[in-house]
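To start, the structure itself, in structure tokens.
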Amino acid sequence: MIYQPMSPYPLLLFLVLGASAFVVKEQLPDERFLGSTDASFGQFPAAAYIVSPERQICGATVLNENHVLTLAQCVLNGTHNTINPRLVRVHAGVLNLGLVSASRQTRLGDVIYVHPNFKAHSLENDIAVIRVQEPFIFPSNEVEPALRRTRIVANGHSCLLAGWGAIVAGPVQDVNALQRYMALTINDRDMCSSLRRDMPVFENMICAGNMDNAPNGPAPCQGSLGSGLYCDGDLAGLLSFGINCGSLGNPPTFTQIRFYNQWIEQQFLRNDRPPPGFSPLDVA
């Protein structure tokens with residue numbers, strides 16, 4: 001955890017942080033190591049994370065009172081079968097992983113809906129919806145549904161990635177206890193695909209962030225999988241692959257939300273309950 005000196009003006013600091021939820025798209029982080037900055041309460045009220053027997057932590061996003069959005073790979077085991085949703089804990093309203101605050105809302109999963117055309121080899125359609133057992137409590141300054149992007153995000157546009165990834169590079173690193181965010185610039189998909197031919201960037205994906213070796217530039221690191229990419233305050237993507245810690249030729253790539261808005265809405269109305277161990281139709 002990074003030490004931050006106490007402000008000599010605690011009341012002023014409190015007022016500034018309290019107002020931050022209304023200006024998410026205006027707050028761009030400083031360019032520090034890996035380009036990330038500590039977030040404040042309410043700055044990303046839809047940001048959540050899940051914990052399961054398969055993964056220590058995976059990013060998620062609150063969709064409404066009963067559902068969160070995450071990656072397919074976050075809710076599948078090593079053989080591409082869904083994990084038991086009742087073993088999935090969803091945490092929202094969290095700023096510091098190590099502290100249990102009054103704003104934290106923890107829910108157990110009830111049903112998992114994985115996109116039926118998820119492809120494990122290319123990570124196409126890497127998206128899933130989790131229905132929770134008890135609804136989230138709204139309204140709340142710290143927990144609110146995401147506004148989902150419906151329009152294309154142009155190349156060169158600056159967006160914010162928020163999550164709990166590690167802040168130093170290395171083969172094994174603990175995630176940072178504090179939620180952090182960084183500015184990432186949207187890249188041309190074809191340019192990203194040319195750098196990593198074994199994992200092309202398809203139309204339903206977004207490529208953003210560093211494409212070259214940039215050890216001092218903004219880049220996601222371990223623990224960032226599933227973290228939300230916010231463009232103009234709207235959820236535009238979920239980090240699917242390219243967690244590069246600033247390394248060469250592996251640009252961060254996201255599931256592009258606007259392609260899945262209709263599918264997401266359909267999951268809200270489903271009454272079927274895929275059993276644990278269910279596998280998507282296409283995992284080849």
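Chain identifiers are assigned as A, B, and so on, following the order in which chains appear in the structure tokens; residues are numbered from 1 within each chain, and ligands are numbered from 1 in order of appearance.
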
Quiz item: A:Asp272: which residues within 12 Å, counting only C-alpha atoms, same-chain residues fewer than 5 positions away excluded, as a PyMOL selection string?
Solution: chain A and resi 110-113+131+266-267

For those residues, write N, CA and C atoms to a file as a compact mmCIF listing (two decimals), in the first residue's frame.
```
# COMPACT_ATOMS: atom_id res chain seq x y z
N ASP A 110 -26.60 -15.56 -7.13
CA ASP A 110 -27.78 -16.44 -7.20
C ASP A 110 -27.80 -17.22 -8.50
N VAL A 111 -27.61 -16.51 -9.62
CA VAL A 111 -27.59 -17.15 -10.94
C VAL A 111 -26.49 -16.49 -11.77
N ILE A 112 -25.83 -17.27 -12.61
CA ILE A 112 -24.81 -16.76 -13.51
C ILE A 112 -25.26 -17.00 -14.95
N TYR A 113 -25.25 -15.94 -15.75
CA TYR A 113 -25.58 -16.04 -17.16
C TYR A 113 -24.34 -15.65 -17.97
N ARG A 131 -26.74 -12.51 -11.23
CA ARG A 131 -27.88 -12.06 -10.44
C ARG A 131 -27.58 -12.36 -8.97
N GLN A 266 -31.61 -8.53 -21.83
CA GLN A 266 -32.33 -9.81 -21.90
C GLN A 266 -32.07 -10.67 -20.67
N GLN A 267 -30.90 -10.55 -20.09
CA GLN A 267 -30.57 -11.37 -18.91
C GLN A 267 -31.40 -10.96 -17.70
```

Quiz item: Got a sec: who's within 8 Å of stretch 192-208 of chain A, counting only C-alpha atoms, leaving out chain neighbours fewer than 2 positions off, as a list of chain:residue names?
Solution: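 That gives A:Ser122, A:Glu124, A:Asn125, A:Leu184, A:Thr185, A:Ile186, A:Asn187, A:Asp188, A:Arg189, A:Asp190, A:Asn210, A:Met211, A:Gly237, A:Gly249, A:Asn250, A:Pro251, A:Pro252, A:Thr253, A:Phe254, A:Thr255, A:Gln256, A:Phe259.
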
Quiz item: In terms of the shortest atom-to-atom distance over only C-alpha atoms, which of A:Ser52, A:Gln73, A:Gln179, A:Asn271 is closest to A:Val114?
Solution: A:Gln73

Quiz item: Looking at only C-alpha atoms, which of A:Ala47, A:Ala92, A:Ile264, A:Met182 is the one that sits closest to A:Gly209?
Solution: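 Smallest distance to A:Gly209 is found for A:Met182.
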
Quiz item: Which residue gives the smallest distance to A:Thr150 among A:Gly242, A:Pro275, A:Cys231, A:Ser40, with only C-alpha atoms counted?
Solution: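 Selected residue with least distance to A:Thr150: A:Cys231.
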